[in-house]
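**Q** run_25.txt (compact mmCIF, C-alpha atoms) pasted underneath:
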# COMPACT_ATOMS: atom_id res chain seq x y z
CA MET A 1 238.59 -17.95 85.01
CA GLN A 2 241.31 -15.87 86.61
CA THR A 3 241.13 -12.13 86.19
CA ASN A 4 244.44 -10.34 85.66
CA LYS A 5 243.53 -7.26 87.67
CA LYS A 6 242.90 -7.47 91.38
CA GLY A 7 240.39 -4.62 91.14
CA SER A 8 238.36 -6.47 88.53
CA TYR A 9 238.50 -9.65 90.61
CA ALA A 10 237.32 -7.83 93.76
CA SER A 11 234.54 -5.95 91.99
CA SER A 12 233.34 -9.17 90.35
CA LEU A 13 233.17 -10.93 93.70
CA PHE A 14 231.36 -7.93 95.23
CA LEU A 15 228.68 -7.91 92.53
CA VAL A 16 228.20 -11.67 92.78
CA GLY A 17 228.06 -11.25 96.56
CA CYS A 18 225.19 -8.80 96.05
CA LEU A 19 223.41 -11.45 94.00
CA PHE A 20 223.90 -14.00 96.77
CA PHE A 21 222.39 -11.43 99.14
CA ILE A 22 219.33 -11.29 96.88
CA PHE A 23 219.16 -15.12 96.76
CA GLY A 24 219.03 -15.17 100.53
CA PHE A 25 216.61 -12.29 100.90
CA VAL A 26 214.03 -13.83 98.56
CA THR A 27 214.52 -17.46 99.59
CA TRP A 28 214.37 -17.00 103.35
CA LEU A 29 211.11 -15.08 103.23
CA ASN A 30 209.47 -18.47 102.76
CA GLY A 31 209.63 -19.46 106.43
CA THR A 32 207.57 -16.41 107.40
CA LEU A 33 205.29 -16.92 104.39
CA ILE A 34 204.56 -20.54 105.34
CA PHE A 35 203.54 -19.44 108.83
CA PHE A 36 201.50 -16.48 107.53
CA LEU A 37 199.82 -18.16 104.56
CA LYS A 38 198.89 -21.14 106.72
CA LYS A 39 196.85 -18.70 108.78
CA ILE A 40 195.27 -16.44 106.13
CA CYS A 41 194.55 -19.26 103.64
CA GLU A 42 193.48 -21.75 106.36
CA LEU A 43 195.90 -24.54 105.43
CA ASN A 44 197.04 -27.79 107.04
CA ASN A 45 200.76 -28.56 107.38
CA PHE A 46 201.06 -30.40 104.07
CA GLN A 47 199.35 -27.59 102.17
CA ALA A 48 201.45 -24.93 103.89
CA TYR A 49 204.72 -26.58 102.87
CA LEU A 50 203.64 -26.49 99.23
CA VAL A 51 205.12 -22.98 99.46
CA ALA A 52 208.51 -24.71 99.39
CA THR A 53 207.36 -27.04 96.60
CA ALA A 54 206.20 -24.21 94.32
CA PHE A 55 209.39 -22.27 94.95
CA PHE A 56 211.99 -25.00 94.64
CA ILE A 57 210.45 -27.23 91.96
CA SER A 58 211.11 -24.38 89.53
CA TYR A 59 214.85 -25.05 89.93
CA PHE A 60 214.32 -28.56 88.54
CA VAL A 61 212.16 -27.24 85.70
CA MET A 62 214.49 -24.38 84.79
CA ALA A 63 217.99 -25.72 85.46
CA LEU A 64 218.73 -27.09 81.98
CA PRO A 65 216.91 -24.29 80.13
CA ALA A 66 218.86 -21.84 82.33
CA SER A 67 222.13 -23.33 81.11
CA ALA A 68 220.96 -22.88 77.51
CA ILE A 69 219.84 -19.31 78.24
CA LEU A 70 223.24 -18.46 79.71
CA LYS A 71 224.96 -19.80 76.60
CA LYS A 72 222.88 -17.33 74.56
CA THR A 73 222.98 -14.34 76.88
CA GLY A 74 226.25 -14.75 78.78
CA PHE A 75 226.51 -14.50 82.53
CA LYS A 76 225.83 -10.79 82.98
CA ASN A 77 222.74 -10.50 80.79
CA GLY A 78 221.47 -13.79 82.19
CA MET A 79 221.75 -12.48 85.73
CA SER A 80 219.85 -9.34 84.77
CA LEU A 81 217.15 -11.44 83.12
CA GLY A 82 216.88 -13.61 86.24
CA LEU A 83 216.29 -10.56 88.41
CA ILE A 84 213.53 -9.34 86.09
CA ILE A 85 211.81 -12.75 86.24
CA ILE A 86 211.97 -12.69 90.06
CA ALA A 87 210.34 -9.25 89.95
CA VAL A 88 207.48 -10.72 87.89
CA GLY A 89 207.03 -13.28 90.66
CA THR A 90 207.02 -10.72 93.48
CA VAL A 91 204.52 -8.45 91.72
CA THR A 92 202.18 -11.46 91.41
CA PHE A 93 201.82 -11.34 95.20
CA ILE A 94 199.82 -8.12 94.90
CA PRO A 95 196.74 -9.61 93.19
CA ALA A 96 197.26 -12.76 95.28
CA ALA A 97 196.97 -10.69 98.46
CA HIS A 98 193.88 -8.82 97.20
CA GLU A 99 192.17 -12.09 96.29
CA ARG A 100 193.64 -14.05 99.24
CA SER A 101 194.27 -16.75 96.65
CA TYR A 102 196.71 -19.48 97.66
CA THR A 103 196.93 -20.55 94.01
CA TYR A 104 198.14 -17.08 92.97
CA PHE A 105 200.68 -17.09 95.80
CA LEU A 106 202.05 -20.43 94.60
CA ILE A 107 202.27 -19.15 91.01
CA GLY A 108 204.21 -16.10 92.21
CA LEU A 109 206.59 -18.31 94.19
CA PHE A 110 207.11 -20.57 91.18
CA ILE A 111 208.00 -17.58 88.98
CA GLU A 112 210.43 -16.30 91.64
CA GLY A 113 212.12 -19.70 91.61
CA LEU A 114 212.46 -19.62 87.82
CA GLY A 115 214.38 -16.36 88.03
CA LEU A 116 216.51 -17.54 90.93
CA SER A 117 217.44 -20.74 89.07
CA ILE A 118 218.98 -18.63 86.28
CA LEU A 119 220.90 -16.56 88.83
CA GLN A 120 222.09 -19.65 90.73
CA THR A 121 223.15 -21.43 87.54
CA ALA A 122 225.32 -18.44 86.66
CA ALA A 123 226.63 -17.35 90.04
CA ASN A 124 227.69 -20.64 91.67
CA PRO A 125 230.04 -21.86 88.92
CA TYR A 126 231.24 -18.26 88.50
CA VAL A 127 232.51 -18.28 92.09
CA THR A 128 233.94 -21.79 91.67
CA ILE A 129 235.87 -20.91 88.50
CA LEU A 130 237.02 -17.50 89.70
CA GLY A 131 240.01 -18.87 91.61
CA PRO A 132 241.88 -22.06 92.60
CA GLU A 133 239.76 -25.18 93.00
CA GLU A 134 241.14 -25.98 96.47
CA SER A 135 239.87 -22.66 97.85
CA ALA A 136 236.50 -22.75 96.05
CA ALA A 137 234.65 -23.83 99.20
CA LYS A 138 236.15 -20.83 101.01
CA ARG A 139 234.92 -18.40 98.32
CA ILE A 140 231.48 -19.97 98.26
CA SER A 141 231.42 -19.74 102.08
CA ILE A 142 232.04 -15.99 101.78
CA MET A 143 229.14 -15.79 99.33
CA GLY A 144 227.13 -17.87 101.78
CA ILE A 145 227.64 -15.26 104.48
CA ALA A 146 226.10 -12.66 102.17
CA ASN A 147 223.25 -15.07 101.45
CA LYS A 148 222.54 -15.90 105.08
CA ALA A 149 223.01 -12.31 106.29
CA ALA A 150 220.13 -11.44 103.96
CA GLY A 151 218.29 -14.46 105.32
CA ILE A 152 218.64 -13.12 108.85
CA ILE A 153 217.32 -9.70 107.85
CA SER A 154 214.48 -10.62 105.48
CA PRO A 155 212.26 -12.72 107.80
CA ILE A 156 212.62 -10.13 110.57
CA ILE A 157 211.56 -7.34 108.19
CA LEU A 158 208.65 -9.30 106.74
CA ALA A 159 207.54 -10.70 110.11
CA SER A 160 207.59 -7.21 111.65
CA ILE A 161 205.10 -6.15 108.95
CA LEU A 162 202.94 -9.26 108.68
CA LEU A 163 202.82 -10.28 112.35
CA LYS A 164 202.56 -6.83 113.96
CA ASN A 165 199.89 -6.90 116.69
CA ILE A 166 198.67 -10.25 115.39
CA GLU A 167 197.94 -11.77 118.81
CA PRO A 168 194.64 -9.84 119.31
CA ILE A 169 193.54 -10.93 115.83
CA ASN A 170 194.43 -14.54 116.68
CA LYS A 171 192.32 -14.31 119.83
CA GLN A 172 189.36 -12.94 117.83
CA LEU A 173 189.68 -15.77 115.34
CA GLU A 174 189.90 -18.34 118.15
CA SER A 175 186.84 -16.86 119.86
CA ILE A 176 184.65 -17.49 116.81
CA THR A 177 186.07 -20.96 116.03
CA ASN A 178 185.00 -24.18 117.76
CA PRO A 179 188.28 -25.87 118.87
CA VAL A 180 186.84 -29.36 118.29
CA THR A 181 184.71 -29.10 115.15
CA LYS A 182 186.55 -26.04 113.70
CA ALA A 183 183.13 -24.58 112.85
CA VAL A 184 183.09 -20.77 112.60
CA SER A 185 180.27 -18.92 114.37
CA ASN A 186 180.81 -15.62 112.53
CA PRO A 187 182.10 -16.28 108.96
CA ALA A 188 181.76 -12.60 107.96
CA LEU A 189 184.09 -11.47 110.79
CA GLN A 190 186.54 -14.25 109.98
CA GLU A 191 186.62 -13.19 106.32
CA GLN A 192 187.17 -9.55 107.32
CA LEU A 193 190.05 -10.37 109.68
CA LEU A 194 191.81 -12.69 107.22
CA ASN A 195 191.47 -10.15 104.41
CA GLU A 196 192.97 -7.45 106.61
CA LEU A 197 195.94 -9.69 107.34
CA SER A 198 196.35 -10.56 103.66
CA GLN A 199 196.55 -6.88 102.67
CA ARG A 200 199.72 -6.57 104.75
CA LEU A 201 201.62 -8.31 101.94
CA VAL A 202 200.97 -5.63 99.33
CA THR A 203 203.34 -2.82 100.36
CA PRO A 204 206.46 -4.95 101.04
CA TYR A 205 206.10 -6.79 97.75
CA ILE A 206 205.74 -3.57 95.79
CA ILE A 207 209.02 -2.43 97.38
CA PHE A 208 210.70 -5.78 96.65
CA THR A 209 209.66 -5.55 93.00
CA ILE A 210 211.08 -2.05 92.55
CA CYS A 211 214.39 -3.01 94.21
CA LEU A 212 214.79 -6.08 91.97
CA LEU A 213 214.19 -4.07 88.79
CA VAL A 214 216.71 -1.40 89.85
CA PHE A 215 219.37 -4.01 90.57
CA ALA A 216 218.66 -5.75 87.25
CA LEU A 217 219.49 -2.46 85.53
CA LEU A 218 222.66 -2.03 87.62
CA ILE A 219 223.87 -5.52 86.67
CA LYS A 220 223.13 -4.81 83.01
CA LEU A 221 225.26 -1.64 83.14
CA SER A 222 228.02 -3.11 85.34
CA PRO A 223 231.56 -4.04 84.18
CA LEU A 224 231.05 -7.64 85.35
CA PRO A 225 233.29 -9.76 83.08
CA GLU A 226 232.29 -12.93 81.29
CA VAL A 227 233.92 -16.17 82.42
CA SER A 228 235.15 -19.17 80.50
CA ASP A 229 235.08 -22.71 81.81
CA THR A 230 237.21 -24.15 79.01
CA GLU A 231 240.56 -22.87 80.19
CA ASP A 232 243.49 -25.20 80.63
CA ASN A 233 243.16 -27.29 83.75
CA PRO A 234 245.40 -30.22 84.64
CA GLU A 235 242.41 -32.09 86.01
CA VAL A 236 240.15 -31.58 83.00
CA ILE A 237 239.01 -34.89 81.59
CA PRO A 238 239.52 -35.12 77.81
CA THR A 239 236.22 -35.22 75.95
CA SER A 240 237.45 -38.20 73.95
CA GLN A 241 237.68 -40.22 77.16
CA HIS A 242 234.33 -39.08 78.57
CA PRO A 243 231.98 -38.10 75.75
CA THR A 244 228.99 -37.54 78.04
CA LEU A 245 228.50 -35.64 81.26
CA PHE A 246 226.72 -38.54 82.94
CA LYS A 247 229.81 -40.74 83.02
CA HIS A 248 231.10 -38.59 85.87
CA THR A 249 229.49 -40.66 88.63
CA TYR A 250 230.65 -38.38 91.42
CA LEU A 251 228.75 -35.52 89.77
CA LEU A 252 225.49 -37.49 89.84
CA LEU A 253 226.08 -38.44 93.47
CA GLY A 254 226.84 -34.78 94.20
CA ALA A 255 223.57 -33.71 92.59
CA PHE A 256 221.68 -36.02 94.94
CA ALA A 257 223.76 -34.69 97.86
CA ILE A 258 222.56 -31.21 96.89
CA PHE A 259 218.99 -32.59 96.73
CA VAL A 260 218.98 -33.92 100.29
CA TYR A 261 221.04 -31.02 101.66
CA VAL A 262 218.71 -28.34 100.28
CA GLY A 263 215.75 -30.35 101.53
CA VAL A 264 216.94 -30.44 105.14
CA GLU A 265 218.25 -26.87 105.09
CA VAL A 266 214.94 -25.51 103.81
CA LEU A 267 213.00 -27.73 106.22
CA ALA A 268 214.97 -26.50 109.23
CA GLY A 269 214.60 -22.83 108.33
CA ASP A 270 211.03 -22.90 107.04
CA SER A 271 209.46 -25.15 109.68
CA ILE A 272 210.93 -23.64 112.84
CA MET A 273 208.23 -20.98 113.32
CA ASN A 274 205.47 -23.59 113.09
CA TYR A 275 207.51 -25.88 115.36
CA GLY A 276 207.71 -23.08 117.93
CA GLU A 277 203.94 -22.63 117.73
CA TYR A 278 203.57 -26.41 118.29
CA TYR A 279 205.17 -25.83 121.71
CA HIS A 280 202.97 -22.73 122.30
CA ILE A 281 205.80 -20.24 121.86
CA PRO A 282 204.19 -16.87 120.95
CA SER A 283 204.77 -15.40 117.48
CA THR A 284 206.44 -12.38 119.07
CA VAL A 285 209.29 -14.77 119.91
CA SER A 286 209.06 -17.39 117.14
CA ARG A 287 209.30 -14.72 114.41
CA TYR A 288 213.04 -14.60 115.15
CA PHE A 289 213.66 -18.36 114.93
CA THR A 290 214.50 -18.46 111.21
CA SER A 291 216.97 -15.62 111.71
CA ILE A 292 218.55 -17.49 114.63
CA THR A 293 218.92 -20.56 112.41
CA LEU A 294 220.72 -18.49 109.80
CA SER A 295 222.90 -16.89 112.47
CA PHE A 296 224.09 -20.39 113.31
CA MET A 297 224.83 -20.85 109.61
CA ILE A 298 226.96 -17.72 109.48
CA ALA A 299 228.90 -18.98 112.50
CA GLY A 300 229.48 -22.24 110.62
CA TYR A 301 230.65 -20.34 107.54
CA LEU A 302 233.13 -18.31 109.59
CA VAL A 303 234.59 -21.45 111.13
CA GLY A 304 234.83 -23.02 107.67
CA ILE A 305 236.52 -19.96 106.19
CA ALA A 306 239.07 -19.98 109.02
CA LEU A 307 239.84 -23.68 108.61
CA MET A 308 239.64 -24.39 104.86
CA PRO A 309 241.80 -25.30 103.09
CA ARG A 310 244.79 -24.38 105.26
CA ILE A 311 243.94 -26.59 108.26
CA ILE A 312 241.38 -29.09 106.98
CA SER A 313 240.21 -29.97 103.48
CA GLN A 314 236.69 -29.25 102.27
CA GLU A 315 236.13 -33.03 102.13
CA LYS A 316 237.00 -33.49 105.80
CA ALA A 317 234.96 -30.44 106.79
CA LEU A 318 231.89 -31.88 105.06
CA LYS A 319 232.36 -35.15 106.92
CA LEU A 320 232.67 -33.45 110.32
CA TYR A 321 229.69 -31.15 109.76
CA SER A 322 227.56 -34.13 108.63
CA ILE A 323 228.39 -36.02 111.82
CA LEU A 324 227.50 -32.94 113.87
CA ALA A 325 224.14 -32.73 112.06
CA LEU A 326 223.38 -36.35 113.00
CA ILE A 327 224.16 -35.58 116.65
CA LEU A 328 221.94 -32.49 116.65
CA ILE A 329 218.94 -34.14 114.98
CA THR A 330 219.19 -37.05 117.43
CA GLY A 331 219.18 -34.53 120.28
CA LEU A 332 216.13 -32.81 118.79
CA LEU A 333 214.22 -36.09 118.65
CA VAL A 334 214.96 -37.09 122.25
CA THR A 335 214.13 -33.66 123.74
CA SER A 336 211.12 -31.34 123.57
CA GLY A 337 210.06 -27.73 124.05
CA ILE A 338 212.49 -24.87 123.66
CA THR A 339 215.50 -27.21 123.90
CA SER A 340 214.31 -29.10 120.84
CA VAL A 341 213.65 -25.82 118.99
CA ILE A 342 217.18 -24.58 119.75
CA LEU A 343 218.68 -27.83 118.47
CA LEU A 344 216.69 -27.40 115.25
CA ALA A 345 218.11 -23.90 114.87
CA ALA A 346 221.63 -25.19 115.62
CA LEU A 347 221.40 -27.45 112.58
CA GLY A 348 222.10 -24.25 110.65
CA PHE A 349 225.74 -24.50 111.82
CA SER A 350 226.06 -27.97 110.27
CA HIS A 351 224.31 -26.94 107.07
CA SER A 352 226.65 -24.02 106.47
CA ILE A 353 229.55 -25.93 104.95
CA MET A 354 227.51 -28.46 103.00
CA TRP A 355 226.68 -26.36 99.93
CA PRO A 356 230.18 -24.78 99.67
CA ALA A 357 231.85 -28.18 99.91
CA ILE A 358 229.51 -30.25 97.74
CA TRP A 359 229.73 -27.84 94.79
CA PRO A 360 233.51 -27.98 94.12
CA MET A 361 233.65 -31.68 95.07
CA SER A 362 231.01 -32.36 92.40
CA LEU A 363 232.37 -30.05 89.66
CA LYS A 364 236.07 -30.93 89.91
CA GLY A 365 237.69 -31.94 86.64
CA LEU A 366 234.63 -31.27 84.45
CA GLY A 367 236.33 -28.65 82.27
CA LYS A 368 234.07 -27.84 79.32
CA PHE A 369 231.21 -29.63 81.06
CA THR A 370 231.23 -27.24 84.04
CA LYS A 371 228.12 -25.25 83.04
CA GLN A 372 226.16 -28.42 82.33
CA GLY A 373 227.36 -29.94 85.60
CA ALA A 374 226.29 -26.81 87.44
CA ALA A 375 222.85 -27.06 85.84
CA LEU A 376 222.58 -30.64 87.09
CA LEU A 377 223.47 -29.52 90.61
CA ILE A 378 220.91 -26.73 90.37
CA MET A 379 218.31 -29.37 89.54
CA GLY A 380 219.20 -30.94 92.88
CA ILE A 381 217.75 -27.85 94.58
CA ALA A 382 214.39 -29.53 93.92
CA GLY A 383 215.04 -31.29 97.23
CA GLY A 384 213.60 -28.14 98.78
CA ALA A 385 210.37 -28.89 96.90
CA ILE A 386 210.07 -32.52 98.02
CA ILE A 387 211.40 -32.92 101.56
CA PRO A 388 209.48 -30.09 103.35
CA PRO A 389 205.99 -31.18 102.16
CA THR A 390 206.97 -34.78 102.95
CA TYR A 391 207.66 -33.56 106.47
CA GLY A 392 204.30 -31.73 106.41
CA TYR A 393 202.52 -34.95 105.43
CA PHE A 394 204.05 -36.87 108.34
CA ALA A 395 203.47 -33.93 110.67
CA ASP A 396 199.74 -34.10 109.90
CA ALA A 397 199.77 -37.89 110.24
CA VAL A 398 201.83 -38.07 113.48
CA ASN A 399 203.12 -34.78 114.88
CA LEU A 400 205.57 -32.00 114.04
CA HIS A 401 208.23 -33.41 116.40
CA THR A 402 208.43 -37.04 115.26
CA ALA A 403 208.23 -36.05 111.58
CA TYR A 404 211.82 -34.73 111.80
CA LEU A 405 212.95 -38.37 111.60
CA ILE A 406 213.02 -37.93 107.83
CA MET A 407 216.17 -35.81 108.19
CA ILE A 408 218.36 -38.67 109.47
CA PRO A 409 218.75 -40.59 106.16
CA CYS A 410 219.50 -37.28 104.44
CA TYR A 411 222.47 -36.59 106.71
CA LEU A 412 223.67 -40.17 106.38
CA TYR A 413 223.79 -39.79 102.60
CA ILE A 414 225.74 -36.52 102.82
CA LEU A 415 228.21 -38.26 105.12
CA PHE A 416 228.56 -41.03 102.52
CA PHE A 417 229.26 -38.46 99.80
CA ALA A 418 231.89 -36.79 101.99
CA MET A 419 233.65 -40.07 102.75
CA LYS A 420 233.35 -42.01 99.50
CA GLY A 421 230.85 -40.70 96.99
CA HIS A 422 232.90 -37.74 95.75
CA LEU A 423 235.64 -40.14 94.61
CA ILE A 424 233.51 -42.63 92.69
CA GLY A 425 234.26 -42.33 88.98
CA TYR A 426 236.61 -39.37 89.41
CA LYS A 427 239.52 -39.45 86.96
CA THR A 428 242.68 -37.39 86.84
CA GLN A 429 244.64 -37.38 83.60
CA GLY A 430 242.53 -40.38 82.54
CA VAL A 431 243.54 -42.49 85.59
CA ILE A 432 240.85 -43.69 88.00
CA SER A 433 241.48 -42.74 91.62
CA ASN A 434 242.68 -45.69 93.70
CA GLU A 435 239.88 -44.92 96.16
CA THR A 436 237.32 -45.86 93.48
CA LYS A 437 238.88 -49.09 92.27
The structure in this file should be written as structure tokens.

**A**
Amino acid sequence: MQTNKKGSYASSLFLVGCLFFIFGFVTWLNGTLIFFLKKICELNNFQAYLVATAFFISYFVMALPASAILKKTGFKNGMSLGLIIIAVGTVTFIPAAHERSYTYFLIGLFIEGLGLSILQTAANPYVTILGPEESAAKRISIMGIANKAAGIISPIILASILLKNIEPINKQLESITNPVTKAVSNPALQEQLLNELSQRLVTPYIIFTICLLVFALLIKLSPLPEVSDTEDNPEVIPTSQHPTLFKHTYLLLGAFAIFVYVGVEVLAGDSIMNYGEYYHIPSTVSRYFTSITLSFMIAGYLVGIALMPRIISQEKALKLYSILALILITGLLVTSGITSVILLAALGFSHSIMWPAIWPMSLKGLGKFTKQGAALLIMGIAGGAIIPPTYGYFADAVNLHTAYLIMIPCYLYILFFAMKGHLIGYKTQGVISNETK
């Protein structure tokens, strides 16, 4: 979709940028929540990372229904609906905090993810279609800056509320807990302290809910135009030649690339506070680690925006950033302490270009199948539901450091997609690319 008026184009991108800000604000609260809920709900590592599972599995559940909803509602009304659903999820945190119920927290996170899946299904292809295909990664990178800027802000805001003066409370809890048997000498005091911590969630989530509902109304009343993905495109594959979406092999490979990418991105951002605690870094310092990770991501986006597509292609950028990720994760595994933590945060730089590059590389040439292809890619976000708790399982079994080994095969697959996978089964004007023969 190309808008005829520059003002309409700019305003459309601005509104979608606001939505990407909301994506980031809601999504990157999870790192702080994992750390906080682990404490107040007395969870092991595997249980704590079910926060990511509850949140991201909803993308898999909702992706195809979201595509059908958008066909009925259109992009604008669908975005407004998504924001309302997210608000239902955030308001669920209020009874969850009063009851200190981990089950209620997980339900709220699942509902948030349902709303976000509708927003993501609409917004990502919208940005892709809004201009030339070769600069799609650049536009998505700009949206990514809005997303990660929110991600830098949101954990700092939430951590400043939830973790304020928490060290004395931690010492009280430690004083009544046997370090070997974990038996509690004063259960009534423990219950009181944990309930007091839990109540800290109420006020911020009331504010989040109100803000989401206000923005849902603003989107509903906005002049945001509808988009069409059926316009003429020289790379569109005739339906007669490819009657089903699943014959586009590169799309399927791209969906799995999204799966592993989201998994490692979420793992890096959501686990870094617990990883800092593993090396006895105080929460007054570790509360900033997720924000530092996302600052690295913004730096990666800025480099990508400067280079693509004028200097290097999005395909080459994805390859280079994947190689860098493999170098960084190897460095993490052979070091320890604050050095290892910094290398984990630096993975954010490598992650930055992966989403913006994988999306257009996976959706190219789909034409009328673009919305369905986008829904399939959204389903790949379920990687954020599977890989973090897998890490948590191995962290409980071995340790938090060695468990990061699971990231290596993920980066190797993304490198494969960058070098070869995005060409497999791709056809232009009905002719198979020579690279796939």

**Q** Which residues of stretch 351-394 of chain A come within 12 Å of stretch 71-90 of chain A, and for each one, what is the closest pair of atoms and their distance in Å to one decimal, counting all atoms listed in the file, sorted by chain and residue number, as JSON lines?

**A**
{"residue": "A:Lys371", "atom": "CA", "partner": "A:Lys71", "partner_atom": "CA", "distance": 9.0}
{"residue": "A:Gln372", "atom": "CA", "partner": "A:Lys71", "partner_atom": "CA", "distance": 10.4}
{"residue": "A:Ala375", "atom": "CA", "partner": "A:Lys71", "partner_atom": "CA", "distance": 11.9}

**Q** From the set A:Gly384, A:Gly421, A:Gly300, A:Gly276, which residue has the shortest atom-to-atom contact distance to A:Ala346, counting only C-alpha atoms?

**A**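 Counting only C-alpha atoms, the residue closest to A:Ala346 is A:Gly300.
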
**Q** Quick one: residues within 9 Å of stretch 391-408 of chain A, only C-alpha atoms, excluding same-chain residues fewer than 4 positions away - as a VMD selection string?

**A** chain A and resid 44 to 50 260 263 to 264 267 271 274 to 275 278 325 to 326 329 to 330 332 to 333 336 340 386 to 387 412 to 413

**Q** Please compute the atom CA of A:Leu119-atom CA of A:Phe25 distance, one decimal, in Å.

**A** 13.5 Å

**Q** What is the distance between atom CA of A:Tyr301 and atom CA of A:Gln314, in Å to one decimal?

**A**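 Separation between atom CA of A:Tyr301 and atom CA of A:Gln314: 12.0 Å.
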
**Q** Write out as a PyMOL selection string which residues come within 10 Å of A:Ser283 when counting all atoms listed in the file, dropping same-chain ones fewer than 4 positions away.

**A** chain A and resi 35+159+163-167+273-274+276-277+287-289

**Q** Would you list the contacts of A:Tyr250 as a list in words, taking every protein, DNA or RNA residue within 7 Å and counting all atoms listed in the file, but skipping same-chain residues closer than 2 positions in sequence?

**A** His248, Leu252, Leu253, Gly254, Ser362, Gly421, His422, Leu423, Ile424, Gly425 and Tyr426 of chain A

**Q** Have a look at atom CA of A:Leu109 and atom CA of A:Val51 and let me know their distance in Å, one decimal.

**A**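 Taking atom CA of A:Leu109 and atom CA of A:Val51, their separation equals 7.2 Å.
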
**Q** May I ask which of the residues A:Ile118, A:Pro95, A:Lys39, A:Lys220 is the closest one to A:Ile69, counting all atoms listed in the file?

**A**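 Of A:Ile118, A:Pro95, A:Lys39, A:Lys220, the one nearest A:Ile69 is A:Ile118, counting all atoms listed in the file.
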
**Q** Write out as a VMD selection string the residues lying within 7 Å of A:Met297, counting only C-alpha atoms and excluding same-chain residues fewer than 2 positions away.

**A** chain A and resid 293 to 295 299 to 301 348 to 349 351 to 352

**Q** Sort by chain and increasing residue number a table of all residues of stretch 89-134 of chain A within 10 Å of stretch 192-210 of chain A, each with its closest pair of atoms and their distance in Å to one decimal, counting only C-alpha atoms, and write it as JSON lines.

**A**
{"residue": "A:Gly89", "atom": "CA", "partner": "A:Thr209", "partner_atom": "CA", "distance": 8.5}
{"residue": "A:Thr90", "atom": "CA", "partner": "A:Thr209", "partner_atom": "CA", "distance": 5.8}
{"residue": "A:Val91", "atom": "CA", "partner": "A:Thr209", "partner_atom": "CA", "distance": 6.0}
{"residue": "A:Thr92", "atom": "CA", "partner": "A:Tyr205", "partner_atom": "CA", "distance": 8.8}
{"residue": "A:Phe93", "atom": "CA", "partner": "A:Tyr205", "partner_atom": "CA", "distance": 6.7}
{"residue": "A:Ile94", "atom": "CA", "partner": "A:Val202", "partner_atom": "CA", "distance": 5.2}
{"residue": "A:Pro95", "atom": "CA", "partner": "A:Val202", "partner_atom": "CA", "distance": 8.5}
{"residue": "A:Ala96", "atom": "CA", "partner": "A:Ser198", "partner_atom": "CA", "distance": 8.7}
{"residue": "A:Ala97", "atom": "CA", "partner": "A:Ser198", "partner_atom": "CA", "distance": 5.2}
{"residue": "A:His98", "atom": "CA", "partner": "A:Gln199", "partner_atom": "CA", "distance": 6.4}
{"residue": "A:Glu99", "atom": "CA", "partner": "A:Asn195", "partner_atom": "CA", "distance": 8.4}
{"residue": "A:Arg100", "atom": "CA", "partner": "A:Ser198", "partner_atom": "CA", "distance": 6.2}
{"residue": "A:Ser101", "atom": "CA", "partner": "A:Ser198", "partner_atom": "CA", "distance": 9.6}

**Q** Restricting the calculation to only C-alpha atoms: of A:Ile353, A:Ala385, A:Phe110, A:Pro360, which residue gets closest to A:Ile414?

**A**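 Result for the nearest residue to A:Ile414: A:Ile353.
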